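So the structure is just underneath, and the comments pick up after that.
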Amino acid sequence: MTAEIIDGKAFAADIRARVAEQVAQLKAGHGITPGLAVVLVGEDPASQVYVKSKGRKTVEVGMESFEHRLPEETTEADLLALVAKLNADPAVHGILVQLPLPKHMNSDAVINAIDPAKDVDGFHVSNVGLLGTGQKAMVPCTPLGCLMMLRAQLGDLSGKEAVVIGRSNIVGKPMAHLLLGDSCTVSIAHSRTRDLANVVRRADIVVAAVGRPGMVTGDWIKPGATVIDVGINRIDAGEGKTRLVGDVEFDSASEVAGAITPVPGGVGPMTIACLLANTLTACCRANGLPEPEGLTA
Ligand code: GUN
């Protein structure tokens with residue numbers, strides 16, 4: 001079998017187009033422009049690239065982008081003061097504080113200071129609790145993107161065996177809750193899981209989010225399974241070059257899987273698209289308007 005390649009780039013472009021359409025309607029019909037504030041503390045090069053890309057795509061869909069770049073030595077108190085200001089600003093519907101924060105800051109305290117209704121990352125404990133109890137939440141962007149791709153690929157997920165590899169707060173745990181919400185039978189595997197290969201072999205749906213290049217090989221995959229590769233690992237490609245690979249060994253897995261996301265061009269582009277979808281959702285909720293269809297969990 002040769003797997004169908006799930007084109008995350010095209011999928012993300014479609015989501016952004018749908019967001020843009022609804023932003024235009026909000027502006028024309030209600031005079032409302034959704035606004036997203038992104039806060040970056042320090043000079044982390046990868047974070048700078050992400051933040052720039054987020055700002056550009058926010059503007060592209062017609063939203064207002066507010067960027068706050070603070071020096072590495074900013075105090076936690078000053079960052080909390082900025083978060084409080086953004087919480088109170090009616091033009092800001094979504095707030096994202098880019099992680100990781102400098103070591104002298106308590107990330108949990110900062111994230112939990114964000115108004116949960118504006119927490120477009122879905123990292124606030126209130127949103128984590130709402131998702132965990134099956135209530136309406138802001139859902140973390142990467143798992144939301146994975147869920148959208150799975151639904152588009154498979155339709156009803158009910159009764160499917162799903163294995164999530166990785167138990168992070170950003171991907172693994174929320175992903176498991178979302179799959180459970182869609183009535184999958186869910187296992188969360190991690191570094192201490194015994195006989196991981198056999199756990200993965202029973203899965204109709206595999207979501208790999210561990211950050212270990214090529215860890216999941218084709219012989220672990222049940223024939224016909226759908227494989228979502230969240231890993232983005234930069235590896236040495238020789239001659240002084242590097243390349244991006246996922247947590248799944250693409251060549252062997254794509255021989256066995258029914259469908260698979262590539263790296264790059266799979267889950268990656270979906271994250272920012274879902275961030276924009278979450279900002280639109282937050283804006284609609286803040287204004288008592290119906291939520292955008294097909295863009296929430
Ligand atoms: N750093 C890496 N990924 C993310 C993300 O999804 N949200 C935030 N806030 N920071 C990140």
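Labeling convention for the structure tokens: chains A, B, ... as they appear, residues from 1 per chain, ligands from 1 in order of appearance.
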- Item | strand (DSSP E or B) positions in stretch 70-285 of chain A, given as a ChimeraX atom specification | /A:70,94-97,119,161-165,185-189,205-208,216,226-229,233-238,241-245,248,259-260
Could you save those same residues with N, CA, C and O atoms as a short mmCIF file (atom, residue, chain, number, x, y, z; two decimals), in the first residue's frame?
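File produced: selection37.cif:
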```
data_model
loop_
_atom_site.label_atom_id
_atom_site.label_comp_id
_atom_site.auth_asym_id
_atom_site.auth_seq_id
_atom_site.Cartn_x
_atom_site.Cartn_y
_atom_site.Cartn_z
N LEU A 70 9.40 42.33 23.77
CA LEU A 70 9.98 42.85 25.01
C LEU A 70 11.39 42.27 25.17
O LEU A 70 11.66 41.14 24.74
N GLY A 94 -7.76 38.00 20.98
CA GLY A 94 -6.90 36.86 21.27
C GLY A 94 -5.54 37.32 21.76
O GLY A 94 -5.01 38.33 21.28
N ILE A 95 -5.00 36.60 22.75
CA ILE A 95 -3.67 36.92 23.29
C ILE A 95 -2.83 35.66 23.25
O ILE A 95 -3.26 34.60 23.73
N LEU A 96 -1.64 35.77 22.68
CA LEU A 96 -0.71 34.64 22.67
C LEU A 96 0.63 35.13 23.21
O LEU A 96 1.19 36.08 22.70
N VAL A 97 1.08 34.51 24.28
CA VAL A 97 2.42 34.78 24.80
C VAL A 97 3.33 33.66 24.30
O VAL A 97 3.12 32.49 24.64
N ASP A 119 -7.67 33.47 25.52
CA ASP A 119 -6.54 32.53 25.53
C ASP A 119 -6.59 31.64 24.28
O ASP A 119 -6.99 30.47 24.34
N GLU A 161 -9.59 3.16 17.18
CA GLU A 161 -8.48 3.04 18.14
C GLU A 161 -7.47 4.14 17.82
O GLU A 161 -6.92 4.18 16.71
N ALA A 162 -7.22 5.03 18.77
CA ALA A 162 -6.26 6.11 18.54
C ALA A 162 -5.13 6.01 19.56
O ALA A 162 -5.38 5.80 20.74
N VAL A 163 -3.91 6.14 19.08
CA VAL A 163 -2.76 6.19 19.98
C VAL A 163 -2.06 7.53 19.79
O VAL A 163 -1.68 7.90 18.67
N VAL A 164 -1.94 8.27 20.89
CA VAL A 164 -1.21 9.53 20.89
C VAL A 164 0.14 9.25 21.55
O VAL A 164 0.18 8.76 22.68
N ILE A 165 1.22 9.52 20.82
CA ILE A 165 2.54 9.29 21.40
C ILE A 165 3.08 10.64 21.85
O ILE A 165 3.31 11.53 21.03
N THR A 185 -11.31 5.32 21.01
CA THR A 185 -10.70 4.61 22.15
C THR A 185 -9.25 5.07 22.19
O THR A 185 -8.49 4.80 21.25
N VAL A 186 -8.88 5.81 23.24
CA VAL A 186 -7.61 6.55 23.19
C VAL A 186 -6.58 5.98 24.15
O VAL A 186 -6.87 5.73 25.32
N SER A 187 -5.36 5.79 23.66
CA SER A 187 -4.22 5.49 24.52
C SER A 187 -3.22 6.63 24.40
O SER A 187 -3.02 7.16 23.30
N ILE A 188 -2.63 6.99 25.53
CA ILE A 188 -1.54 7.98 25.50
C ILE A 188 -0.26 7.22 25.83
O ILE A 188 -0.11 6.70 26.94
N ALA A 189 0.64 7.17 24.86
CA ALA A 189 1.92 6.50 25.08
C ALA A 189 2.99 7.55 25.35
O ALA A 189 2.85 8.71 24.95
N ILE A 205 -5.59 5.26 14.27
CA ILE A 205 -5.12 6.64 14.20
C ILE A 205 -3.86 6.75 15.06
O ILE A 205 -3.89 6.38 16.24
N VAL A 206 -2.77 7.23 14.47
CA VAL A 206 -1.54 7.44 15.24
C VAL A 206 -1.21 8.93 15.18
O VAL A 206 -1.13 9.51 14.10
N VAL A 207 -1.07 9.55 16.35
CA VAL A 207 -0.60 10.94 16.40
C VAL A 207 0.74 10.92 17.13
O VAL A 207 0.80 10.56 18.31
N ALA A 208 1.80 11.27 16.42
CA ALA A 208 3.14 11.21 17.00
C ALA A 208 3.62 12.61 17.34
O ALA A 208 3.71 13.47 16.47
N VAL A 216 9.02 6.48 14.92
CA VAL A 216 7.95 5.54 14.55
C VAL A 216 8.25 4.99 13.15
O VAL A 216 8.26 5.75 12.18
N THR A 226 -4.25 5.87 9.74
CA THR A 226 -4.01 7.29 9.43
C THR A 226 -2.95 7.81 10.40
O THR A 226 -3.12 7.69 11.62
N VAL A 227 -1.89 8.38 9.86
CA VAL A 227 -0.74 8.78 10.67
C VAL A 227 -0.56 10.30 10.61
O VAL A 227 -0.40 10.87 9.53
N ILE A 228 -0.63 10.91 11.79
CA ILE A 228 -0.46 12.36 11.90
C ILE A 228 0.86 12.61 12.61
O ILE A 228 1.03 12.25 13.78
N ASP A 229 1.79 13.23 11.91
CA ASP A 229 3.14 13.42 12.43
C ASP A 229 3.33 14.88 12.87
O ASP A 229 3.42 15.78 12.04
N ASN A 233 11.64 18.10 13.51
CA ASN A 233 13.01 17.92 14.00
C ASN A 233 14.00 18.33 12.91
O ASN A 233 13.88 17.88 11.77
N ARG A 234 14.93 19.19 13.29
CA ARG A 234 15.96 19.58 12.32
C ARG A 234 17.15 18.65 12.48
O ARG A 234 17.71 18.55 13.58
N ILE A 235 17.50 17.95 11.42
CA ILE A 235 18.62 17.00 11.52
C ILE A 235 19.72 17.36 10.52
O ILE A 235 19.49 18.07 9.54
N ASP A 236 20.88 16.83 10.80
CA ASP A 236 22.04 17.03 9.94
C ASP A 236 21.83 16.26 8.64
O ASP A 236 21.54 15.06 8.66
N ALA A 237 21.94 16.96 7.51
CA ALA A 237 21.75 16.28 6.22
C ALA A 237 23.07 16.14 5.48
O ALA A 237 23.10 15.83 4.29
N GLY A 238 24.18 16.38 6.19
CA GLY A 238 25.50 16.25 5.58
C GLY A 238 25.88 17.51 4.78
O GLY A 238 25.01 18.34 4.49
N LYS A 241 24.58 20.90 5.69
CA LYS A 241 23.15 21.25 5.53
C LYS A 241 22.31 20.55 6.59
O LYS A 241 22.74 19.56 7.18
N THR A 242 21.10 21.09 6.79
CA THR A 242 20.14 20.44 7.70
C THR A 242 18.84 20.24 6.94
O THR A 242 18.62 20.86 5.91
N ARG A 243 18.00 19.35 7.48
CA ARG A 243 16.65 19.23 6.91
C ARG A 243 15.65 18.90 8.02
O ARG A 243 16.04 18.42 9.09
N LEU A 244 14.38 19.17 7.73
CA LEU A 244 13.33 18.90 8.72
C LEU A 244 12.76 17.51 8.52
O LEU A 244 12.45 17.12 7.38
N VAL A 245 12.63 16.77 9.60
CA VAL A 245 11.95 15.47 9.54
C VAL A 245 10.98 15.37 10.71
O VAL A 245 11.12 16.08 11.71
N VAL A 248 7.96 10.39 12.60
CA VAL A 248 7.65 9.15 11.88
C VAL A 248 8.64 9.01 10.72
O VAL A 248 8.94 9.99 10.03
N ALA A 259 -3.09 6.83 5.11
CA ALA A 259 -2.87 8.25 4.86
C ALA A 259 -1.85 8.76 5.88
O ALA A 259 -1.79 8.26 7.01
N ILE A 260 -1.07 9.76 5.48
CA ILE A 260 0.00 10.25 6.37
C ILE A 260 0.27 11.72 6.08
O ILE A 260 0.14 12.17 4.93
#
```
- Contacts of A:Thr279 within 9 Å, only C-alpha atoms, excl. fewer than 5 positions in-chain, as a ChimeraX atom specification: /A:34-36,93-95,118-120,274,284
- Task: Around ligand 1, at most 7 Å away and counting only C-alpha atoms and all ligand atoms, which residues are there? Put them as a list in words, please.
- Result: Ser47, Leu96, Val97, Gln98, Leu99, Pro100, Asp121, Cys141, Thr142 and Ile170 of chain A
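Between atom CA of A:Pro269 and atom CA of A:Leu154 the separation is 20.0 Å.
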- Message: Which of stretch 21-233 of chain A end up as alpha helix (DSSP H) when DSSP is run on this backbone - answer as a PyMOL selection string?
- Response: chain A and resi 21-30+45-60+76-88+107-111+125-132+141-154+172-181+196-201
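Omitting A:His68 and its sequence neighbours fewer than 5 positions away, and counting only C-alpha atoms, the residues within 12 Å are Leu36, Ala37, Val38, Val39, Leu40, Val41, Gly42, Gln48, Val51, Lys52, Gly55, Leu79, Leu82, Val83, Lys85, Leu86, Ile95, Leu96, Val97 and Gln98 of chain A.
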Selection from above, N, CA, C and O atoms, as a CSV table (one decimal), in the first residue's frame, can you write it?
```
chain,number,residue,atom,x,y,z
A,36,LEU,N,-5.6,40.1,17.2
A,36,LEU,CA,-4.7,39.2,17.9
A,36,LEU,C,-3.5,39.8,18.4
A,36,LEU,O,-2.7,40.4,17.6
A,37,ALA,N,-3.2,39.7,19.7
A,37,ALA,CA,-2.0,40.3,20.2
A,37,ALA,C,-1.0,39.1,20.5
A,37,ALA,O,-1.3,38.1,21.1
A,38,VAL,N,0.2,39.3,20.0
A,38,VAL,CA,1.3,38.3,20.2
A,38,VAL,C,2.4,39.0,21.0
A,38,VAL,O,2.9,40.0,20.6
A,39,VAL,N,2.8,38.3,22.1
A,39,VAL,CA,3.9,38.8,22.9
A,39,VAL,C,5.1,37.9,22.8
A,39,VAL,O,5.0,36.7,23.1
A,40,LEU,N,6.2,38.6,22.5
A,40,LEU,CA,7.5,37.8,22.5
A,40,LEU,C,8.5,38.5,23.4
A,40,LEU,O,8.7,39.6,23.3
A,41,VAL,N,9.0,37.7,24.3
A,41,VAL,CA,10.0,38.2,25.3
A,41,VAL,C,11.3,37.5,24.9
A,41,VAL,O,11.4,36.3,24.9
A,42,GLY,N,12.3,38.4,24.7
A,42,GLY,CA,13.7,37.8,24.4
A,42,GLY,C,13.9,37.7,22.9
A,42,GLY,O,13.1,38.1,22.0
A,48,GLN,N,11.3,34.1,17.1
A,48,GLN,CA,11.2,35.3,16.2
A,48,GLN,C,10.6,35.0,14.9
A,48,GLN,O,9.7,35.7,14.3
A,51,VAL,N,6.8,34.3,15.3
A,51,VAL,CA,6.0,35.5,15.6
A,51,VAL,C,5.8,36.3,14.4
A,51,VAL,O,4.7,36.9,14.1
A,52,LYS,N,6.9,36.4,13.6
A,52,LYS,CA,6.8,37.2,12.3
A,52,LYS,C,5.8,36.6,11.4
A,52,LYS,O,4.9,37.3,10.8
A,55,GLY,N,2.2,37.2,12.6
A,55,GLY,CA,1.8,38.6,12.3
A,55,GLY,C,1.4,38.8,10.9
A,55,GLY,O,0.3,39.3,10.6
A,79,LEU,N,5.6,42.0,32.5
A,79,LEU,CA,4.9,41.2,31.5
A,79,LEU,C,3.4,41.0,32.0
A,79,LEU,O,2.5,41.1,31.2
A,82,LEU,N,1.5,44.0,31.1
A,82,LEU,CA,1.1,44.0,29.7
A,82,LEU,C,-0.1,43.1,29.5
A,82,LEU,O,-1.1,43.5,28.8
A,83,VAL,N,-0.1,41.9,30.0
A,83,VAL,CA,-1.2,41.0,29.9
A,83,VAL,C,-2.5,41.6,30.4
A,83,VAL,O,-3.5,41.5,29.7
A,85,LYS,N,-3.2,44.7,30.6
A,85,LYS,CA,-3.6,45.7,29.6
A,85,LYS,C,-4.3,45.1,28.4
A,85,LYS,O,-5.4,45.6,27.9
A,86,LEU,N,-3.8,44.0,27.9
A,86,LEU,CA,-4.4,43.4,26.7
A,86,LEU,C,-5.7,42.7,27.1
A,86,LEU,O,-6.7,42.7,26.3
A,95,ILE,N,-5.0,36.6,22.7
A,95,ILE,CA,-3.7,36.9,23.3
A,95,ILE,C,-2.8,35.7,23.3
A,95,ILE,O,-3.3,34.6,23.7
A,96,LEU,N,-1.6,35.8,22.7
A,96,LEU,CA,-0.7,34.6,22.7
A,96,LEU,C,0.6,35.1,23.2
A,96,LEU,O,1.2,36.1,22.7
A,97,VAL,N,1.1,34.5,24.3
A,97,VAL,CA,2.4,34.8,24.8
A,97,VAL,C,3.3,33.7,24.3
A,97,VAL,O,3.1,32.5,24.6
A,98,GLN,N,4.3,34.0,23.5
A,98,GLN,CA,5.1,33.0,22.8
A,98,GLN,C,6.0,32.3,23.9
A,98,GLN,O,6.6,32.9,24.7
```
